[in-house]
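Coordinates from model.cif are shown below (mmCIF, C-alpha atoms).
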data_my_file
loop_
_atom_site.label_atom_id
_atom_site.label_comp_id
_atom_site.auth_asym_id
_atom_site.auth_seq_id
_atom_site.Cartn_x
_atom_site.Cartn_y
_atom_site.Cartn_z
CA MET A 1 142.35 87.43 113.25
CA GLU A 2 138.55 87.76 113.62
CA LYS A 3 139.07 90.18 116.49
CA LYS A 4 141.33 92.39 114.32
CA ILE A 5 138.75 92.43 111.51
CA GLY A 6 136.04 93.23 114.06
CA ASN A 7 138.08 96.19 115.28
CA ILE A 8 138.10 97.60 111.73
CA PHE A 9 134.42 97.03 110.97
CA LYS A 10 133.05 98.62 114.11
CA GLY A 11 129.64 100.22 114.19
CA ASP A 12 126.32 99.23 112.65
CA LYS A 13 126.69 96.15 110.43
CA VAL A 14 123.76 97.07 108.16
CA ILE A 15 125.34 100.44 107.32
CA TRP A 16 128.60 98.62 106.59
CA MET A 17 126.81 96.24 104.19
CA VAL A 18 125.12 99.12 102.35
CA PHE A 19 128.49 100.89 102.10
CA PHE A 20 130.18 97.72 100.80
CA PHE A 21 127.55 97.05 98.11
CA LEU A 22 127.56 100.66 96.89
CA CYS A 23 131.37 100.62 96.63
CA MET A 24 131.39 97.31 94.73
CA ILE A 25 128.68 98.52 92.33
CA SER A 26 130.69 101.73 91.89
CA ILE A 27 133.89 99.90 90.91
CA VAL A 28 132.10 97.66 88.38
CA GLU A 29 129.92 100.36 86.81
CA VAL A 30 132.56 103.11 86.72
CA PHE A 31 134.93 100.64 85.04
CA SER A 32 132.25 99.94 82.44
CA ALA A 33 131.22 103.58 81.98
CA SER A 34 134.77 104.93 81.62
CA SER A 35 135.27 103.80 78.03
CA ASN A 36 135.80 107.39 76.84
CA LEU A 37 138.49 107.96 79.48
CA THR A 38 140.12 104.67 78.47
CA TYR A 39 140.15 105.73 74.83
CA LYS A 40 141.59 109.18 75.58
CA SER A 41 144.34 107.88 77.86
CA GLN A 42 145.04 104.81 75.69
CA ASN A 43 145.31 102.93 78.97
CA PHE A 44 142.70 100.26 79.64
CA ILE A 45 143.34 99.90 83.35
CA LYS A 46 144.31 103.44 84.44
CA PRO A 47 140.79 104.92 84.99
CA ILE A 48 139.59 102.03 87.13
CA LEU A 49 142.85 101.90 89.09
CA PHE A 50 142.44 105.59 89.89
CA HIS A 51 138.81 105.12 90.95
CA SER A 52 139.58 101.99 92.98
CA GLY A 53 142.36 103.93 94.70
CA THR A 54 139.89 106.71 95.51
CA ILE A 55 137.44 104.17 96.94
CA PHE A 56 140.23 102.67 99.05
CA ILE A 57 141.24 106.09 100.37
CA GLY A 58 137.56 106.73 101.12
CA PHE A 59 137.38 103.44 103.02
CA VAL A 60 140.41 104.43 105.11
CA VAL A 61 138.84 107.83 105.79
CA ALA A 62 135.60 106.10 106.84
CA VAL A 63 137.50 103.83 109.26
CA ILE A 64 139.38 106.80 110.73
CA THR A 65 136.16 108.79 111.10
CA LEU A 66 134.24 105.98 112.77
CA ASN A 67 136.97 105.79 115.43
CA ILE A 68 136.37 109.44 116.39
CA PRO A 69 133.91 109.57 119.31
CA CYS A 70 130.87 111.57 118.19
CA ARG A 71 131.30 114.15 120.98
CA TYR A 72 134.51 115.33 119.30
CA PHE A 73 132.67 116.32 116.12
CA LYS A 74 131.36 119.35 118.00
CA LEU A 75 134.91 120.59 118.54
CA MET A 76 135.53 120.58 114.78
CA THR A 77 132.62 122.91 113.98
CA PRO A 78 134.38 126.32 114.29
CA ILE A 79 137.42 125.15 112.31
CA LEU A 80 135.31 123.58 109.56
CA LEU A 81 133.12 126.69 109.30
CA LEU A 82 136.22 128.84 108.83
CA VAL A 83 137.70 126.44 106.24
CA SER A 84 134.38 126.31 104.37
CA ALA A 85 134.06 130.10 104.22
CA ILE A 86 137.64 130.59 103.00
CA THR A 87 137.50 127.85 100.35
CA LEU A 88 134.07 128.87 99.03
CA LEU A 89 135.33 132.42 98.50
CA TRP A 90 138.56 131.08 97.05
CA VAL A 91 136.81 128.91 94.45
CA LEU A 92 134.71 131.86 93.25
CA ILE A 93 137.77 134.06 92.80
CA GLY A 94 140.46 131.66 91.65
CA GLY A 95 138.84 128.26 91.21
CA GLU A 96 139.19 125.99 88.20
CA SER A 97 136.27 125.73 85.81
CA ILE A 98 134.35 122.47 85.22
CA ASN A 99 131.57 122.53 82.62
CA GLY A 100 131.55 126.32 82.64
CA ALA A 101 131.47 126.79 86.42
CA ASN A 102 134.18 127.40 89.02
CA ARG A 103 133.80 124.39 91.29
CA VAL A 104 137.24 123.06 92.23
CA ILE A 105 140.41 124.34 93.86
CA SER A 106 143.86 123.05 92.96
CA LEU A 107 146.21 122.77 95.93
CA LEU A 108 149.56 120.94 95.99
CA GLY A 109 148.68 119.10 92.81
CA LEU A 110 145.33 117.93 94.18
CA THR A 111 141.86 119.27 93.38
CA PHE A 112 138.89 119.36 95.69
CA GLN A 113 135.38 120.80 95.77
CA PRO A 114 134.79 123.24 98.64
CA SER A 115 131.03 122.72 98.34
CA GLU A 116 131.44 119.11 99.52
CA ILE A 117 133.16 120.27 102.70
CA ALA A 118 130.65 123.09 103.22
CA LYS A 119 127.65 120.74 102.97
CA GLY A 120 128.79 118.46 105.78
CA THR A 121 129.93 121.42 107.86
CA LEU A 122 126.53 123.12 107.64
CA VAL A 123 124.77 119.87 108.62
CA LEU A 124 127.16 119.55 111.58
CA ALA A 125 126.55 123.15 112.72
CA THR A 126 122.77 122.80 112.30
CA ALA A 127 122.73 119.62 114.37
CA GLN A 128 124.70 121.38 117.09
CA ILE A 129 122.36 124.39 117.15
CA LEU A 130 119.22 122.24 117.21
CA SER A 131 120.54 120.03 120.00
CA ALA A 132 121.75 122.94 122.14
CA MET A 133 118.45 124.82 121.86
CA GLN A 134 115.95 122.02 122.42
CA ARG A 135 113.19 122.76 124.93
CA ASP A 136 110.31 120.65 126.25
CA ASN A 137 107.96 121.98 123.58
CA GLY A 138 110.46 121.98 120.72
CA ALA A 139 113.42 124.06 119.55
CA ASP A 140 113.85 127.60 120.80
CA ARG A 141 112.73 130.22 118.27
CA LYS A 142 116.26 131.64 118.20
CA ALA A 143 117.58 128.35 116.76
CA PHE A 144 115.90 129.22 113.45
CA ASN A 145 117.72 132.58 113.31
CA TYR A 146 121.12 131.03 114.04
CA ILE A 147 120.62 128.33 111.39
CA MET A 148 119.54 130.90 108.79
CA PHE A 149 122.57 133.04 109.68
CA LEU A 150 124.81 130.15 108.57
CA THR A 151 122.67 128.68 105.80
CA ILE A 152 121.94 131.79 103.71
CA PRO A 153 125.56 132.88 103.04
CA THR A 154 126.67 129.27 102.50
CA ALA A 155 123.86 128.60 100.02
CA LEU A 156 124.54 131.87 98.18
CA LEU A 157 128.27 131.15 97.84
CA ILE A 158 127.59 127.63 96.55
CA GLY A 159 124.61 128.65 94.40
CA VAL A 160 126.52 131.17 92.28
CA GLU A 161 128.27 128.31 90.49
CA ASN A 162 126.22 125.26 91.49
CA LEU A 163 122.56 126.09 92.01
CA SER A 164 121.35 122.49 92.29
CA THR A 165 123.82 121.69 95.11
CA ALA A 166 122.73 124.80 97.02
CA ALA A 167 119.05 123.91 96.54
CA LEU A 168 119.49 120.30 97.73
CA LEU A 169 121.48 121.51 100.75
CA CYS A 170 118.66 123.91 101.67
CA VAL A 171 116.13 121.05 101.44
CA VAL A 172 118.28 118.98 103.85
CA ILE A 173 118.55 121.85 106.34
CA PHE A 174 114.78 122.44 106.15
CA LEU A 175 114.10 118.75 106.88
CA MET A 176 116.56 118.85 109.77
CA MET A 177 114.69 121.82 111.27
CA LEU A 178 111.44 119.90 110.80
CA ILE A 179 112.91 116.89 112.63
CA GLY A 180 114.40 119.25 115.24
CA ARG A 181 110.92 120.63 116.04
CA VAL A 182 111.58 124.20 114.96
CA PRO A 183 108.28 126.16 115.39
CA THR A 184 105.85 125.44 112.56
CA ARG A 185 105.09 129.12 112.00
CA GLN A 186 108.75 129.82 111.27
CA LEU A 187 109.00 126.88 108.86
CA LEU A 188 105.81 127.92 107.01
CA GLY A 189 107.11 131.48 106.76
CA LEU A 190 110.41 130.19 105.40
CA ALA A 191 108.60 127.97 102.87
CA GLY A 192 106.58 130.93 101.62
CA LEU A 193 109.67 133.13 101.39
CA VAL A 194 111.60 130.45 99.50
CA ALA A 195 108.70 129.94 97.07
CA GLY A 196 108.69 133.67 96.34
CA LEU A 197 112.46 133.71 95.98
CA ILE A 198 112.41 130.75 93.57
CA LEU A 199 109.80 132.53 91.46
CA PHE A 200 111.94 135.69 91.44
CA VAL A 201 115.08 133.78 90.45
CA LEU A 202 113.21 131.93 87.69
CA ILE A 203 111.99 135.27 86.31
CA LEU A 204 115.58 136.58 86.39
CA ILE A 205 116.91 133.46 84.66
CA MET A 206 114.31 133.58 81.92
CA ALA A 207 114.79 137.35 81.47
CA LEU A 208 118.58 137.58 81.61
CA GLY A 209 119.57 134.14 80.31
CA GLU A 210 120.44 133.90 76.65
CA ASP A 211 118.85 131.46 74.23
CA GLU A 212 121.19 129.01 72.52
CA THR A 213 120.93 130.77 69.15
CA THR A 214 121.71 134.18 70.65
CA LYS A 215 124.58 132.71 72.61
CA GLU A 216 126.08 131.07 69.53
CA LYS A 217 125.90 134.35 67.57
CA LYS A 218 127.74 136.17 70.34
CA ILE A 219 130.45 133.51 70.46
CA VAL A 220 130.96 133.81 66.70
CA ALA A 221 131.09 137.61 66.96
CA LYS A 222 133.69 137.44 69.73
CA THR A 223 135.96 135.14 67.75
CA GLU A 224 135.99 137.64 64.91
CA LEU A 225 137.30 140.44 67.13
CA VAL A 226 141.03 140.95 67.52
CA ASP A 227 142.23 141.80 71.01
CA LYS A 228 144.50 144.82 70.61
CA SER A 229 145.53 145.00 74.24
CA SER A 230 147.50 142.08 75.70
CA LYS A 231 146.75 143.40 79.18
CA THR A 232 142.99 143.18 78.81
CA LYS A 233 141.66 140.90 81.52
CA LYS A 234 138.79 138.59 80.82
CA THR A 235 135.85 139.24 83.14
CA LYS A 236 132.90 137.04 83.89
CA SER A 237 129.47 138.26 84.91
CA ILE A 238 127.88 136.79 88.03
CA PHE A 239 124.96 135.92 85.73
CA HIS A 240 127.08 133.78 83.38
CA ARG A 241 125.30 130.58 84.49
CA PHE A 242 121.82 131.95 83.72
CA SER A 243 121.99 130.88 80.07
CA THR A 244 122.79 127.29 81.07
CA TRP A 245 119.98 127.20 83.64
CA LYS A 246 117.52 128.77 81.19
CA GLY A 247 118.30 126.15 78.56
CA ARG A 248 117.81 123.29 81.03
CA ILE A 249 114.51 124.70 82.30
CA LYS A 250 113.14 125.23 78.78
CA LYS A 251 114.11 121.73 77.68
CA PHE A 252 112.56 120.16 80.77
CA THR A 253 109.29 122.12 80.65
CA GLU A 254 108.77 121.96 76.90
CA ASP A 255 105.51 120.14 76.18
CA LYS A 256 106.19 119.30 72.56
CA ARG A 257 108.27 116.19 72.04
CA PRO A 258 110.32 116.39 68.83
CA SER A 259 110.14 113.56 66.33
CA PRO A 260 113.26 111.39 65.93
CA SER A 261 114.18 113.22 62.72
CA GLU A 262 113.89 116.63 64.46
CA TYR A 263 115.77 115.64 67.61
CA ASP A 264 118.95 117.68 68.17
CA LEU A 265 121.54 115.16 69.33
CA ASP A 266 124.18 117.88 69.66
CA ASN A 267 122.27 119.92 72.25
CA ASP A 268 120.19 117.14 73.84
CA ALA A 269 122.69 114.29 73.67
CA GLN A 270 122.70 113.51 77.40
CA VAL A 271 118.93 113.13 77.69
CA ALA A 272 118.66 111.26 74.39
CA HIS A 273 121.36 108.69 75.11
CA ALA A 274 120.18 108.26 78.72
CA ASN A 275 116.70 107.42 77.37
CA ILE A 276 118.18 105.03 74.82
CA ALA A 277 120.19 103.32 77.58
CA ILE A 278 117.07 102.86 79.70
CA VAL A 279 114.71 101.58 76.98
CA SER A 280 117.34 99.22 75.54
CA SER A 281 117.85 97.48 78.89
CA ASN A 282 114.93 95.12 78.14
CA ILE A 283 114.05 94.91 81.83
CA ILE A 284 116.76 92.35 82.68
CA GLY A 285 119.69 94.44 81.42
CA LYS A 286 122.50 93.67 79.01
CA GLY A 287 124.89 92.50 81.71
CA PRO A 288 127.84 94.18 83.50
CA GLY A 289 130.26 95.76 81.05
CA GLN A 290 127.89 95.40 78.07
CA SER A 291 126.64 98.99 77.84
CA VAL A 292 126.50 100.59 74.40
CA GLU A 293 125.43 104.11 75.36
CA ARG A 294 128.47 104.64 77.60
CA ASP A 295 130.39 105.45 74.40
CA PHE A 296 127.98 108.25 73.50
CA LEU A 297 126.68 109.52 76.85
CA SER A 298 128.64 112.44 78.28
CA GLN A 299 129.44 112.01 82.00
CA ALA A 300 128.32 108.37 81.83
CA PHE A 301 130.63 107.59 84.76
CA SER A 302 129.30 110.47 86.88
CA ASP A 303 126.04 112.38 86.45
CA PHE A 304 124.37 109.68 84.31
CA ILE A 305 125.80 106.52 85.81
CA TYR A 306 122.32 105.44 86.95
CA ALA A 307 121.24 105.23 83.29
CA ILE A 308 124.21 102.91 82.65
CA ILE A 309 123.24 100.85 85.70
CA ILE A 310 119.72 100.43 84.27
CA GLU A 311 121.10 99.50 80.84
CA GLU A 312 123.47 96.86 82.23
CA LEU A 313 121.66 95.56 85.32
CA GLY A 314 118.06 96.16 84.26
CA ILE A 315 115.17 97.31 86.40
CA THR A 316 116.09 94.77 89.10
CA GLY A 317 119.61 96.12 89.47
CA ALA A 318 118.41 99.72 89.42
CA ALA A 319 115.79 98.92 92.08
CA PHE A 320 118.46 97.24 94.22
CA VAL A 321 120.64 100.37 94.08
CA ALA A 322 117.66 102.55 95.05
CA LEU A 323 116.83 100.11 97.86
CA LEU A 324 120.34 100.46 99.29
CA TYR A 325 119.81 104.20 99.80
CA ILE A 326 116.38 103.59 101.36
CA ILE A 327 117.94 101.08 103.77
CA LEU A 328 120.67 103.62 104.60
CA LEU A 329 118.06 106.27 105.46
CA PHE A 330 115.81 104.02 107.55
CA ARG A 331 118.70 102.32 109.35
CA THR A 332 120.17 105.70 110.24
CA ALA A 333 116.73 106.78 111.48
CA LYS A 334 116.66 103.75 113.79
CA ILE A 335 120.11 104.60 115.11
CA ALA A 336 119.08 108.22 115.64
CA ASN A 337 115.90 107.14 117.40
CA ARG A 338 117.95 105.17 119.92
CA CYS A 339 120.33 108.02 120.76
CA GLU A 340 119.77 109.44 124.25
CA ASN A 341 121.31 112.79 123.27
CA ASN A 342 119.98 115.05 120.53
CA PHE A 343 123.22 116.04 118.80
CA PRO A 344 124.27 112.61 117.44
CA ALA A 345 120.68 111.91 116.39
CA PHE A 346 120.35 115.16 114.42
CA PHE A 347 123.83 114.85 112.93
CA ALA A 348 123.31 111.27 111.74
CA MET A 349 119.95 112.10 110.17
CA GLY A 350 121.37 115.19 108.48
CA LEU A 351 124.19 113.20 106.88
CA ALA A 352 121.84 110.42 105.76
CA LEU A 353 119.44 112.95 104.23
CA LEU A 354 122.36 114.65 102.49
CA LEU A 355 123.36 111.39 100.79
CA VAL A 356 119.89 110.03 100.04
CA ILE A 357 118.30 113.24 98.70
CA GLN A 358 121.23 113.74 96.31
CA ALA A 359 120.94 110.11 95.22
CA VAL A 360 117.20 110.45 94.58
CA PHE A 361 117.75 113.62 92.55
CA ASN A 362 120.50 111.98 90.47
CA MET A 363 118.17 109.06 89.69
CA MET A 364 115.34 111.44 88.77
CA VAL A 365 117.63 113.25 86.32
CA ALA A 366 118.74 109.98 84.74
CA VAL A 367 115.16 108.82 84.10
CA GLY A 368 113.94 112.25 82.95
CA LEU A 369 111.92 113.29 86.03
CA ALA A 370 114.13 116.32 86.79
CA PRO A 371 116.13 118.79 84.68
CA VAL A 372 119.75 117.95 83.94
CA THR A 373 122.16 119.08 86.67
CA GLY A 374 125.66 118.16 87.76
CA GLN A 375 124.76 115.96 90.72
CA PRO A 376 126.72 112.67 90.94
CA LEU A 377 125.31 109.52 92.53
CA PRO A 378 126.84 109.43 96.05
CA LEU A 379 129.33 106.60 96.66
CA VAL A 380 128.74 105.24 93.12
CA SER A 381 129.74 107.91 90.59
CA LYS A 382 133.37 108.48 89.73
CA GLY A 383 134.78 111.32 91.81
CA GLY A 384 137.64 112.52 93.94
CA THR A 385 136.66 114.87 96.74
CA SER A 386 132.98 113.92 96.67
CA THR A 387 133.71 110.19 96.98
CA ILE A 388 136.13 110.61 99.88
CA ILE A 389 133.93 113.06 101.78
CA ASN A 390 130.84 110.88 101.26
CA CYS A 391 132.85 108.03 102.78
CA ALA A 392 133.62 110.33 105.71
CA TYR A 393 129.86 110.90 106.12
CA ILE A 394 129.34 107.13 106.32
CA GLY A 395 132.17 106.94 108.85
CA ALA A 396 130.49 109.61 110.98
CA ILE A 397 127.19 107.69 110.95
CA LEU A 398 129.07 104.53 111.95
CA SER A 399 130.82 106.47 114.71
CA ILE A 400 127.46 107.59 116.07
CA SER A 401 126.13 104.01 115.94
CA ARG A 402 129.22 102.88 117.85
CA SER A 403 130.03 105.63 120.34
CA ALA A 404 126.84 107.64 120.94
CA LYS A 405 125.04 106.94 124.19
CA MET A 406 122.09 104.72 123.36
CA ASN A 407 118.79 104.14 125.08
CA LYS A 408 119.00 100.52 126.23
CA ASN A 409 115.22 100.19 126.43
CA MET A 410 114.90 100.54 122.63
CA GLU A 411 115.82 97.79 120.20
CA ILE A 412 117.75 98.37 116.99
#

Once more with this new file: its structure as structure tokens, please.
Amino acid sequence: MEKKIGNIFKGDKVIWMVFFFLCMISIVEVFSASSNLTYKSQNFIKPILFHSGTIFIGFVVAVITLNIPCRYFKLMTPILLLVSAITLLWVLIGGESINGANRVISLLGLTFQPSEIAKGTLVLATAQILSAMQRDNGADRKAFNYIMFLTIPTALLIGVENLSTAALLCVVIFLMMLIGRVPTRQLLGLAGLVAGLILFVLILIMALGEDETTKEKKIVAKTELVDKSSKTKKTKSIFHRFSTWKGRIKKFTEDKRPSPSEYDLDNDAQVAHANIAIVSSNIIGKGPGQSVERDFLSQAFSDFIYAIIIEELGITGAAFVALLYIILLFRTAKIANRCENNFPAFFAMGLALLLVIQAVFNMMVAVGLAPVTGQPLPLVSKGGTSTIINCAYIGAILSISRSAKMNKNMEI
């Protein structure tokens, strides 16, 4: 019996423990934070059964992935790149809208986010390029060109509808190139170019984005018009997300804090209720399932689940969750450091950075250190595609810890 269990839980035991704790915290906190879904469905157990089922499927995917020898991941790269390109174009043209952005594709009754597949695929391709072009003094200069050839179109396709995801992905790829010893001059040049590009995009957003009052007037005006042609097709500008981004930037950078009587709970409800959840935790928390703000906080089970964790588990529980991601990053770094070959080391670090950087950004949003975006907390927030694919990332790291050729002279 023990041997059979050991065959399932192969790979690094510390990574397995982090994965287990994050999944258990996810089930408890998503169950607590899904009160709105429970009310809408009039079914107390349905939301948590669905999420627990997703976690179980993710666990199975992780077990399947960890049994794939890491050398076979290279063979998947061309297929995954093709799938990513097709699905990213598909979601822009015919995807379903979530919170005003085309982010999911419906296929055979199931929905998935192409950006989740594209992120892991780009990390896989970058790891392969960096490993293949390593020299004694660092990566070949051509490696930078090949990585940019893949990264730029991928980031642009994702960024049209989900700018924060594209930005975080670019940060991960930059850090991978830094770890992969890409020439410093190229990285500094890229950093300068990106800084200029960010400034240019910010100017465009602030110039072309509409203020909330202007936007509301246009919506009212449109509702008063009668469409005389039934064949008229609704079009959407590629700049339709600028107004949303402009509003978030202005709210985040505004120096003046409104008084409680002036606070607009309709437009700033997420930030307000997240702050209330945090300050009402009283350090020790209210206890699992005792959240009050979950009933008022939009996306409490997803984008703002960390605020609910703080409210229920207190600072100690929130620190423990943050510590789990830190352990995941440092443990993966130890595994990567032991790998004799470059590819598994770069791939493992890329996946760990992908999970941890997104987690850090989600936490920063929840506590008010970053503008509001649609980034869930990996392996904790309620989700379909994202949860399963994040489990696959964990499975790939476990596969590397199990099957990659290790340097026996180094301890782990």

Exercise. Which one is closest to Ala300 of chain A: A:Gln134, A:Gln186, A:Ser35, A:Ser84? Count all atoms listed in the file.
Worked result: A:Ser35

Exercise. Out of A:Ala370, A:Ile179, A:Cys170, A:Val201, which residue has the shortest atom-to-atom distance to Gly138 of chain A when counting all atoms listed in the file?
Worked result: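 When distances to Gly138 of chain A are compared using all atoms listed in the file, the smallest one comes from A:Ile179.
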
For this session: Tell me, in Å to one decimal, how far atom CA of Tyr393 of chain A is from atom CA of Val194 of chain A.
Result: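 We find that atom CA of Tyr393 of chain A and atom CA of Val194 of chain A lie 27.6 Å from each other.
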
Problem set entry | Two-atom distance - atom CA of Thr332 of chain A, atom CA of Asp12 of chain A (Å) |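 About the pair atom CA of Thr332 of chain A and atom CA of Asp12 of chain A: they are 9.2 Å apart.
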
Problem set entry | Neighbours of point (120.1, 119.5, 99.8) within 9 Å, using only C-alpha atoms, written as a list in words | Lys119, Ser164, Thr165, Ala166, Ala167, Leu168, Leu169, Cys170, Val171, Val172, Ile173, Phe174, Leu353, Leu354, Leu355, Ile357 and Gln358 of chain A

Polymer residues at most 10 Å from Val60 of chain A, all atoms listed in the file, same-chain spacing of 5 or more positions, as a short mmCIF file (atom, residue, chain, number, x, y, z; two decimals) with C-alpha atoms, in the frame of the given file:
data_model
loop_
_atom_site.label_atom_id
_atom_site.label_comp_id
_atom_site.auth_asym_id
_atom_site.auth_seq_id
_atom_site.Cartn_x
_atom_site.Cartn_y
_atom_site.Cartn_z
CA ILE A 8 138.10 97.60 111.73
CA THR A 54 139.89 106.71 95.51
CA ILE A 55 137.44 104.17 96.94
CA THR A 65 136.16 108.79 111.10
CA LEU A 66 134.24 105.98 112.77
CA ILE A 388 136.13 110.61 99.88
CA CYS A 391 132.85 108.03 102.78
CA ALA A 392 133.62 110.33 105.71
CA GLY A 395 132.17 106.94 108.85
#

Seminar exercise, completed: Taken to one decimal, the atom CA of Leu398 of chain A-atom CA of Phe9 of chain A distance is 9.3 Å

For this session: For Pro288 of chain A, please output as a count of residues only all residues within 8 Å (counting only C-alpha atoms; exclusion window: fewer than 2 positions along the same chain).
Result: 8

Exercise. Using all atoms listed in the file, which of A:Met177, A:Ile158, A:Ala274, A:Cys70 sits nearest Asp140 of chain A?
Worked result: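 Closest to Asp140 of chain A of all the choices is A:Met177.
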
Problem set entry | Hits from the PyMOL selection byres ((chain A and resi 297-299) around 10), listed as a ChimeraX atom specification | /A:33-34,36,269-274,276-277,292-296,300-305,307-308,374,376,381-382

Requested write-out: C-alpha atoms of the selected residues, as a tab-separated table (two decimals), in the coordinates of the input:
chain	number	residue	atom	x	y	z
A	33	ALA	CA	131.22	103.58	81.98
A	34	SER	CA	134.77	104.93	81.62
A	36	ASN	CA	135.80	107.39	76.84
A	269	ALA	CA	122.69	114.29	73.67
A	270	GLN	CA	122.70	113.51	77.40
A	271	VAL	CA	118.93	113.13	77.69
A	272	ALA	CA	118.66	111.26	74.39
A	273	HIS	CA	121.36	108.69	75.11
A	274	ALA	CA	120.18	108.26	78.72
A	276	ILE	CA	118.18	105.03	74.82
A	277	ALA	CA	120.19	103.32	77.58
A	292	VAL	CA	126.50	100.59	74.40
A	293	GLU	CA	125.43	104.11	75.36
A	294	ARG	CA	128.47	104.64	77.60
A	295	ASP	CA	130.39	105.45	74.40
A	296	PHE	CA	127.98	108.25	73.50
A	300	ALA	CA	128.32	108.37	81.83
A	301	PHE	CA	130.63	107.59	84.76
A	302	SER	CA	129.30	110.47	86.88
A	303	ASP	CA	126.04	112.38	86.45
A	304	PHE	CA	124.37	109.68	84.31
A	305	ILE	CA	125.80	106.52	85.81
A	307	ALA	CA	121.24	105.23	83.29
A	308	ILE	CA	124.21	102.91	82.65
A	374	GLY	CA	125.66	118.16	87.76
A	376	PRO	CA	126.72	112.67	90.94
A	381	SER	CA	129.74	107.91	90.59
A	382	LYS	CA	133.37	108.48	89.73

Exercise. From the list A:Ala319, A:Ile335, A:Phe31, A:Val123, which residue is nearest Thr151 of chain A when using only C-alpha atoms?
Worked result: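 That would be A:Val123, the residue with the smallest distance to Thr151 of chain A.
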
Exercise. Taking the file as shown, what set of residues would the PyMOL selection byres ((chain A and resi 69) around 10) give back, as a ChimeraX atom specification?
Worked result: /A:65-68,70-73,396,399-400,402-404

For this session: For a cut-off of 7 Å around (132.0, 129.3, 95.5), file coordinates, pick out all residues using only C-alpha atoms and list them as a PyMOL selection string.
Result: chain A and resi 88-92+103+157-158+160-161

For this session: Carefully work through the PyMOL selection byres ((chain A and resi 53) around 12) for this structure and note down the residues it includes, as a PyMOL selection string.
Result: chain A and resi 23+27+46-52+54-60+382-384+387-388

Problem set entry | Using all atoms listed in the file: which of A:Pro378, A:Pro153, A:Gly314, A:Gly94 has the shortest distance to Leu81 of chain A |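 So, comparing all the options, the nearest one is A:Pro153.
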
Seminar exercise, completed: Min atom-atom distance to Ala359 of chain A from the set A:Val321, A:Ile45, A:Leu156, A:Ala207, counting all atoms listed in the file, belongs to A:Val321
